[in-house]
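Data file: entry.cif. Format and content: mmCIF, C-alpha atoms.
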data_run
#
loop_
_atom_site.label_atom_id
_atom_site.label_comp_id
_atom_site.auth_asym_id
_atom_site.auth_seq_id
_atom_site.Cartn_x
_atom_site.Cartn_y
_atom_site.Cartn_z
CA MET A 255 104.67 72.42 27.95
CA LEU A 256 106.15 73.59 31.27
CA ALA A 257 104.36 70.81 33.13
CA GLN A 258 105.67 68.18 30.71
CA ARG A 259 109.22 69.46 31.14
CA LEU A 260 109.09 69.25 34.93
CA ALA A 261 109.67 65.50 34.98
CA SER A 262 112.82 65.98 32.91
CA ILE A 263 114.51 68.24 35.49
CA LEU A 264 113.77 65.95 38.44
CA PRO A 265 116.47 63.45 39.51
CA PRO A 266 116.01 59.93 38.10
CA LEU A 267 114.33 57.33 40.27
CA ASP A 268 116.61 55.55 42.72
CA SER A 269 116.43 51.78 43.10
CA ALA A 270 113.83 51.82 45.90
CA GLU A 271 111.61 54.33 44.07
CA LEU A 272 111.95 52.38 40.83
CA LEU A 273 110.76 49.21 42.56
CA GLU A 274 107.71 50.97 44.04
CA VAL A 275 106.75 52.59 40.73
CA SER A 276 107.19 49.32 38.85
CA MET A 277 105.00 47.42 41.32
CA ILE A 278 102.18 49.95 41.02
CA HIS A 279 102.28 49.93 37.21
CA SER A 280 102.42 46.13 37.22
CA ILE A 281 99.28 45.90 39.40
CA ALA A 282 97.53 48.34 37.08
CA GLY A 283 98.57 46.27 34.06
CA GLN A 284 100.60 49.13 32.58
CA LEU A 285 104.11 47.70 32.75
CA ALA A 286 104.56 47.22 29.01
CA GLY A 287 106.72 44.21 28.25
CA GLY A 288 108.13 44.22 31.76
CA LYS A 289 110.36 47.16 30.86
CA LEU A 290 111.67 49.35 33.68
CA SER A 291 112.67 53.00 33.40
CA ASP A 292 114.28 55.37 35.89
CA ARG A 293 112.36 58.29 34.40
CA ARG A 294 109.81 59.72 36.79
CA PRO A 295 106.16 59.11 35.85
CA PHE A 296 104.14 61.84 34.18
CA ARG A 297 100.38 61.33 34.16
CA ALA A 298 97.93 63.71 32.50
CA PRO A 299 94.35 62.38 32.74
CA HIS A 300 91.54 64.02 30.78
CA HIS A 301 89.15 66.23 32.73
CA SER A 302 86.37 63.71 32.12
CA ALA A 303 88.17 61.18 34.37
CA THR A 304 86.02 59.65 37.09
CA MET A 305 86.90 59.52 40.78
CA ALA A 306 87.84 55.83 40.43
CA ALA A 307 90.11 56.64 37.49
CA LEU A 308 91.84 59.42 39.42
CA VAL A 309 92.32 57.91 42.90
CA GLY A 310 91.69 54.22 42.19
CA GLY A 311 88.82 51.84 42.58
CA GLY A 312 86.67 49.51 40.55
CA LEU A 313 85.65 45.92 41.22
CA ARG A 314 89.25 44.88 41.86
CA ALA A 315 90.39 48.26 43.21
CA LYS A 316 93.18 49.01 40.76
CA PRO A 317 95.50 52.02 41.27
CA GLY A 318 94.31 55.30 39.82
CA GLU A 319 96.20 58.13 38.13
CA ALA A 320 97.32 59.53 41.49
CA SER A 321 99.11 56.28 42.36
CA LEU A 322 100.43 55.82 38.81
CA ALA A 323 102.07 59.24 39.27
CA HIS A 324 103.84 58.02 42.47
CA HIS A 325 107.29 59.67 42.73
CA GLY A 326 106.43 61.68 39.63
CA VAL A 327 104.06 64.33 38.31
CA LEU A 328 100.26 64.37 38.11
CA PHE A 329 99.20 67.06 35.64
CA LEU A 330 95.58 68.22 35.59
CA ASP A 331 94.92 70.53 32.66
CA GLU A 332 91.74 72.65 32.62
CA LEU A 333 91.42 72.09 36.38
CA PRO A 334 87.90 73.54 36.91
CA GLU A 335 86.54 71.26 34.20
CA PHE A 336 87.08 68.24 36.47
CA HIS A 337 84.11 67.26 38.61
CA PRO A 338 84.44 69.06 41.99
CA GLN A 339 83.97 65.83 43.99
CA THR A 340 86.65 64.13 41.89
CA LEU A 341 89.12 66.91 42.65
CA ASP A 342 88.31 66.88 46.37
CA ALA A 343 89.15 63.17 46.42
CA LEU A 344 92.78 64.25 45.93
CA ARG A 345 92.85 66.07 49.27
CA GLN A 346 93.74 62.97 51.28
CA PRO A 347 96.51 61.75 48.90
CA LEU A 348 98.05 65.22 48.85
CA GLU A 349 98.16 65.22 52.66
CA THR A 350 99.12 61.60 53.44
CA GLY A 351 100.83 60.41 50.25
CA GLU A 352 98.53 57.43 49.79
CA CYS A 353 95.14 56.53 48.30
CA VAL A 354 92.94 54.46 50.60
CA ILE A 355 90.13 52.58 48.84
CA ALA A 356 87.48 51.09 51.11
CA ARG A 357 84.85 48.69 49.84
CA ALA A 358 82.38 46.38 51.54
CA ASN A 359 84.53 43.31 50.91
CA HIS A 360 88.06 44.72 50.90
CA HIS A 361 90.28 47.62 52.00
CA VAL A 362 93.40 48.53 50.06
CA SER A 363 95.95 51.35 50.16
CA TYR A 364 98.20 52.44 47.28
CA PRO A 365 101.12 54.90 47.64
CA ALA A 366 100.56 58.25 45.94
CA LYS A 367 103.44 60.65 46.63
CA PHE A 368 103.22 62.85 43.56
CA GLN A 369 103.72 66.47 42.58
CA LEU A 370 100.41 67.98 41.54
CA ILE A 371 100.63 70.44 38.65
CA ALA A 372 97.43 72.08 37.46
CA ALA A 373 96.58 74.62 34.79
CA MET A 374 93.43 76.63 34.20
CA ASN A 375 92.05 79.67 32.38
CA PRO A 376 90.98 82.58 34.59
CA CYS A 377 87.39 82.18 33.34
CA ARG A 378 85.36 79.88 31.13
CA CYS A 379 85.80 81.98 27.99
CA GLY A 380 89.51 82.38 28.69
CA MET A 381 89.59 86.09 27.95
CA ALA A 382 89.55 87.60 31.45
CA GLY A 383 92.61 89.74 32.05
CA GLU A 384 93.87 89.51 28.45
CA PRO A 385 94.97 92.87 26.98
CA GLY A 386 92.53 94.03 24.32
CA HIS A 387 89.87 91.47 25.24
CA ILE A 388 86.74 91.80 27.35
CA CYS A 389 84.98 88.82 28.91
CA ALA A 390 81.45 88.66 27.49
CA ARG A 391 79.90 87.70 30.84
CA GLY A 392 81.84 90.20 32.91
CA PRO A 393 83.33 89.55 36.38
CA ARG A 394 80.80 86.81 37.13
CA CYS A 395 82.36 84.56 34.50
CA MET A 396 85.60 84.49 36.49
CA SER A 397 83.99 84.07 39.91
CA ASP A 398 81.66 81.27 38.79
CA TYR A 399 84.46 79.41 37.06
CA GLN A 400 86.95 79.62 39.91
CA SER A 401 84.33 78.73 42.52
CA ARG A 402 84.37 75.18 41.15
CA LEU A 403 87.62 74.72 43.11
CA SER A 404 87.19 74.20 46.85
CA GLY A 405 89.14 76.19 49.41
CA PRO A 406 90.68 73.11 51.12
CA LEU A 407 92.05 71.90 47.76
CA LEU A 408 93.55 75.30 46.93
CA ASP A 409 95.08 75.45 50.40
CA ARG A 410 97.11 72.35 49.47
CA ILE A 411 98.60 74.01 46.39
CA ASP A 412 101.87 75.65 47.43
CA ILE A 413 102.82 77.66 44.33
CA ARG A 414 100.31 79.65 42.28
CA ILE A 415 101.59 81.59 39.30
CA ASP A 416 99.74 83.72 36.78
CA VAL A 417 101.18 82.90 33.34
CA PRO A 418 100.42 85.64 30.78
CA ALA A 419 99.76 84.82 27.15
CA VAL A 420 102.77 84.54 24.87
CA SER A 421 102.81 87.26 22.22
CA ALA A 422 103.92 86.82 18.63
CA THR A 423 106.93 89.06 19.38
CA ASP A 424 108.09 86.62 22.04
CA LEU A 425 108.01 83.82 19.47
CA ILE A 426 109.80 85.80 16.78
CA ARG A 427 112.64 86.90 19.04
CA PRO A 428 112.92 84.40 21.89
CA ARG A 429 115.07 85.39 24.84
CA PRO A 430 118.06 83.29 25.91
CA ALA A 431 117.00 80.59 28.36
CA GLU A 432 118.63 77.99 30.57
CA PRO A 433 118.70 74.47 29.10
CA SER A 434 116.95 71.75 31.08
CA SER A 435 120.29 70.11 31.89
CA VAL A 436 121.44 73.18 33.85
CA VAL A 437 118.20 73.36 35.81
CA ALA A 438 118.29 69.60 36.44
CA ALA A 439 121.80 69.86 37.92
CA ARG A 440 120.64 72.60 40.30
CA VAL A 441 117.61 70.55 41.35
CA ALA A 442 119.77 67.44 41.87
CA ARG A 443 122.11 69.40 44.14
CA ALA A 444 119.19 70.73 46.20
CA ARG A 445 117.73 67.21 46.53
CA GLU A 446 121.13 65.94 47.67
CA LEU A 447 121.29 68.59 50.39
CA GLN A 448 117.83 67.60 51.57
CA ARG A 449 118.63 63.87 51.66
CA ASP A 450 121.80 64.54 53.67
CA ARG A 451 119.84 66.71 56.11
CA PHE A 452 117.20 64.05 56.74
CA LEU A 453 119.81 61.28 56.98
CA ALA A 454 121.57 63.29 59.68
CA ALA A 455 118.23 63.59 61.48
CA GLY A 456 117.78 59.80 61.35
CA LEU A 457 114.98 59.97 58.77
CA PRO A 458 116.27 58.21 55.64
CA GLU A 459 112.71 57.58 54.41
CA ILE A 460 112.21 61.32 53.74
CA GLY A 461 113.69 62.42 50.45
CA CYS A 462 112.53 66.01 50.11
CA ASN A 463 111.18 68.92 52.12
CA ALA A 464 107.61 68.37 50.90
CA ARG A 465 107.40 65.12 52.92
CA CYS A 466 108.84 66.62 56.09
CA ALA A 467 106.72 66.59 59.26
CA THR A 468 105.51 69.94 60.55
CA ALA A 469 107.51 69.76 63.78
CA LEU A 470 110.74 69.11 61.89
CA ILE A 471 110.19 71.76 59.21
CA GLU A 472 109.86 74.40 61.93
CA ALA A 473 113.34 73.42 63.11
CA ILE A 474 115.15 73.06 59.77
CA ALA A 475 113.44 76.09 58.18
CA GLU A 476 113.75 78.48 61.12
CA PRO A 477 114.13 81.91 59.46
CA ASP A 478 116.60 84.61 60.35
CA PRO A 479 115.26 87.57 62.40
CA ALA A 480 114.36 89.63 59.31
CA GLY A 481 112.59 86.67 57.73
CA LEU A 482 110.74 85.88 60.95
CA GLN A 483 109.38 89.43 61.14
CA LEU A 484 108.26 89.27 57.51
CA LEU A 485 106.53 85.94 58.14
CA ARG A 486 104.71 87.34 61.19
CA ASP A 487 103.53 90.40 59.30
CA ALA A 488 102.37 88.34 56.31
CA ALA A 489 100.58 85.76 58.49
CA ASP A 490 98.77 88.54 60.36
CA LYS A 491 97.74 90.35 57.19
CA MET A 492 96.98 87.38 54.91
CA LYS A 493 95.46 85.14 57.61
CA PHE A 494 97.32 82.01 56.55
CA SER A 495 95.96 78.69 57.77
CA ALA A 496 98.19 76.40 59.85
CA ARG A 497 98.66 74.24 56.75
CA GLY A 498 99.53 77.28 54.66
CA TYR A 499 102.07 78.47 57.23
CA HIS A 500 103.96 75.17 57.23
CA ARG A 501 103.83 74.89 53.45
CA ILE A 502 105.35 78.36 53.12
CA LEU A 503 108.21 77.18 55.34
CA LYS A 504 108.73 74.12 53.13
CA VAL A 505 108.84 76.18 49.95
CA ALA A 506 111.18 78.72 51.56
CA ARG A 507 113.50 75.93 52.77
CA THR A 508 113.58 74.52 49.24
CA LEU A 509 114.37 77.93 47.77
CA ALA A 510 117.23 78.24 50.26
CA ASP A 511 118.47 74.79 49.24
CA LEU A 512 118.46 75.84 45.58
CA ASP A 513 120.65 78.79 46.62
CA GLU A 514 122.72 76.41 48.83
CA ALA A 515 122.04 78.77 51.73
CA PRO A 516 122.44 77.22 55.20
CA ARG A 517 119.54 79.22 56.64
CA VAL A 518 116.20 80.46 55.38
CA GLY A 519 116.42 84.20 54.81
CA ARG A 520 113.98 87.02 54.26
CA ILE A 521 114.38 86.78 50.49
CA HIS A 522 113.39 83.10 50.48
CA LEU A 523 110.33 83.72 52.63
CA ALA A 524 109.28 86.69 50.52
CA GLU A 525 109.40 84.57 47.37
CA ALA A 526 107.53 81.68 49.02
CA ILE A 527 104.81 84.03 50.30
CA SER A 528 104.45 85.69 46.89
CA TYR A 529 103.84 82.30 45.29
CA ARG A 530 101.10 81.50 47.76
CA ILE A 531 99.18 84.78 47.68
CA ALA A 532 99.12 85.05 43.87
CA GLY A 533 96.14 82.72 43.60
CA THR A 534 94.49 84.33 46.64
CA ALA A 535 94.66 87.75 45.07
CA LEU A 536 93.07 86.35 41.91
CA GLN A 537 90.22 84.84 43.91
CA ASN A 538 89.66 88.04 45.88
CA ALA A 539 89.56 90.03 42.66
CA ALA A 540 86.90 87.67 41.37
#
Could you quickly redo this structure as structure tokens?
Amino acid sequence: MLAQRLASILPPLDSAELLEVSMIHSIAGQLAGGKLSDRRPFRAPHHSATMAALVGGGLRAKPGEASLAHHGVLFLDELPEFHPQTLDALRQPLETGECVIARANHHVSYPAKFQLIAAMNPCRCGMAGEPGHICARGPRCMSDYQSRLSGPLLDRIDIRIDVPAVSATDLIRPRPAEPSSVVAARVARARELQRDRFLAAGLPEIGCNARCATALIEAIAEPDPAGLQLLRDAADKMKFSARGYHRILKVARTLADLDEAPRVGRIHLAEAISYRIAGTALQNAA
């Protein structure tokens, strides 16, 4: 449900994005009746999807789900149930924002700048870590299940959150929550700040921090002294990769933009680091 709601809080497609999305869907034969919509794509392929279905391919090399989610959301539910090689095929699109399909008689590239959202149980039986439940296979059930995900793929996932089960009490007496419209307004303001920043830097083609080059993110996300010390300590203790380091800066810069803070502070870096090490702690425990 959370993944499905994400597309609703993102800003609508602008004219250039709408044209790109429409062209991709037209090539794939999925532009129903020629209708256009400024709503960002949301694609949720089944875990039985093949590599060609996910990244594109076939005799005529049509776009896959990754390209159909361009400027939108690609949601992979039950992530470890996908074939490991199929998941690893997403590593290049996540890094470059495009799917390159090479065949003996042709070579084609489709844009694929999407937000990857994935969900998974901690183990195959789904009971690991649940209060009052014991996994029948023990710790090995969790380790075997999570080992289906490669390290390089996990390194490209910026935010990892453990979502506990919802109890019946939570459903009977739900807590007050922000409506999507309020969250969407906050996201739109943060995106506006990012566009203005990149326009001032002479980079109008970049619309958000996620697509920022590593050299530039080090400049625009330079932390304050307290944040810099925290980042050094965390990098030394957690042994972040170079990719992980830059992705932490991007998340921290986005958190600062949501707060409309001119500079990345210690609190933003602490939150960004906590999102990244959550999955690592789970793997180490396994």
Exercise for the section: Run the PyMOL selection byres ((chain A and resi 451) around 12) on the file and write out the hits as JSON, numbers by chain. Expected result: {"A": [444, 445, 446, 447, 448, 449, 450, 452, 453, 454, 455, 456, 457, 458, 459, 460, 461, 462, 463, 466, 470, 471, 473, 474, 475, 507, 511, 516]}
Exercise for the section: May I ask which of the residues A:Leu330, A:Val362, A:Leu341, A:Ala439 is the closest one to A:Ser404, counting all atoms listed in the file? Expected result: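 Once distances to A:Ser404 are computed over all atoms listed in the file, the minimum belongs to A:Leu341.
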Problem - Distance in Å - atom CA of A:Gln483 versus atom CA of A:Glu349 - result: 28.0 Å
Practice task
Find the distance between atom CA of A:Gly312 and atom CA of A:Gln284 and write it in Å to one decimal.
Solution key: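 Computed distance, atom CA of A:Gly312 to atom CA of A:Gln284, equals 16.1 Å.
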Evaluate the PyMOL selection byres ((chain A and resi 266) around 8) here and jot the selected residues down as a PDB file with C-alpha atoms, in the frame of the given file.
ATOM      1  CA  LEU A 264     113.770  65.950  38.440  1.00  0.00           C
ATOM      2  CA  PRO A 265     116.470  63.450  39.510  1.00  0.00           C
ATOM      3  CA  LEU A 267     114.330  57.330  40.270  1.00  0.00           C
ATOM      4  CA  ASP A 268     116.610  55.550  42.720  1.00  0.00           C
ATOM      5  CA  ASP A 292     114.280  55.370  35.890  1.00  0.00           C
ATOM      6  CA  ARG A 293     112.360  58.290  34.400  1.00  0.00           C
ATOM      7  CA  ARG A 294     109.810  59.720  36.790  1.00  0.00           C
TER       8      ARG A 294
END
Practice task
Determine, counting all atoms listed in the file, every residue of protein, DNA or RNA that lies within 6 Å of (96.4, 74.7, 29.4) in the file coordinates, then give the result as a PyMOL selection string.
Solution key: chain A and resi 331+373-374
Quick one: everything within 10 Å of A:Gln258, counting all atoms listed in the file, minus sequence neighbours fewer than 4 positions away in the same chain. Send it as a PDB file with C-alpha atoms, in the coordinates of the input.
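Output file selection01.pdb is given in full below:
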ATOM      1  CA  SER A 262     112.820  65.980  32.910  1.00  0.00           C
ATOM      2  CA  PHE A 296     104.140  61.840  34.180  1.00  0.00           C
ATOM      3  CA  ARG A 297     100.380  61.330  34.160  1.00  0.00           C
ATOM      4  CA  ALA A 298      97.930  63.710  32.500  1.00  0.00           C
ATOM      5  CA  VAL A 327     104.060  64.330  38.310  1.00  0.00           C
ATOM      6  CA  LEU A 328     100.260  64.370  38.110  1.00  0.00           C
ATOM      7  CA  PHE A 329      99.200  67.060  35.640  1.00  0.00           C
ATOM      8  CA  ILE A 371     100.630  70.440  38.650  1.00  0.00           C
TER       9      ILE A 371
END
Fill in the blank from the handout: With distances taken over all atoms listed in the file, the candidate from A:Arg357, A:Leu370, A:Glu271, A:Ala306 nearest A:Ala257 is A:Leu370
Exercise for the section: Pick out the closest residue to A:Leu484 from this set: A:Thr304, A:Ser528, A:Thr508, A:Gln400. Count only C-alpha atoms. Expected result: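 So, comparing all the options, the nearest one is A:Ser528.
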Handout entry: Proximity to A:Asp409 - best of A:Ala496, A:Leu333, A:Ala488, A:Cys395, only C-alpha atoms
Key = A:Ala496
Handout entry: Nearest candidate to A:Ala356 (options A:Arg530, A:Lys504, A:Arg314, A:Arg394; using only C-alpha atoms)
Key =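 Between A:Arg530, A:Lys504, A:Arg314, A:Arg394, the residue approaching A:Ala356 most closely is A:Arg314.
If you look at atom CA of A:Gly326 and atom CA of A:Val417, they are 22.7 Å away from each other.
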Problem - Non-local contacts of A:Glu472 (12 Å; all atoms listed in the file; under 4 positions in same chain excluded) as a list in words - result: Asn463, Cys466, Ala467, Thr468, Glu476, Pro477, Leu482, Tyr499, His500, Arg501, Ile502, Leu503, Lys504, Ala506, Arg507 and Val518 of chain A
First collect every listed atom of stretch 315-320 of chain A; then fit an axis-aligned box around them, widen it by 8 Å on each side, and give centre and edge lengths in Å to one decimal, as lines of an AutoDock Vina configuration file.
center_x = 93.9
center_y = 53.9
center_z = 40.7
size_x = 22.9
size_y = 27.3
size_z = 21.1
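Candidate residues A:Pro334, A:Val420, A:Arg440, A:Ile413 were compared for distance to A:Met396, and the nearest is A:Pro334, using all atoms listed in the file.
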Practice task
Could you give me, as a list in words, the residues within 10 Å of A:Gly283, counting only C-alpha atoms and dropping anything in the same chain fewer than 4 positions from it?
Solution key: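 Residues near the query, excluding close chain neighbours: Met277, Ile278, His279, Lys316 and Pro317 of chain A.
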Go ahead and save the picked residues with C-alpha atoms, as a PDB file, in the frame of the given file.
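Written file, result_23.pdb:
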ATOM      1  CA  MET A 277     105.000  47.420  41.320  1.00  0.00           C
ATOM      2  CA  ILE A 278     102.180  49.950  41.020  1.00  0.00           C
ATOM      3  CA  HIS A 279     102.280  49.930  37.210  1.00  0.00           C
ATOM      4  CA  LYS A 316      93.180  49.010  40.760  1.00  0.00           C
ATOM      5  CA  PRO A 317      95.500  52.020  41.270  1.00  0.00           C
TER       6      PRO A 317
END
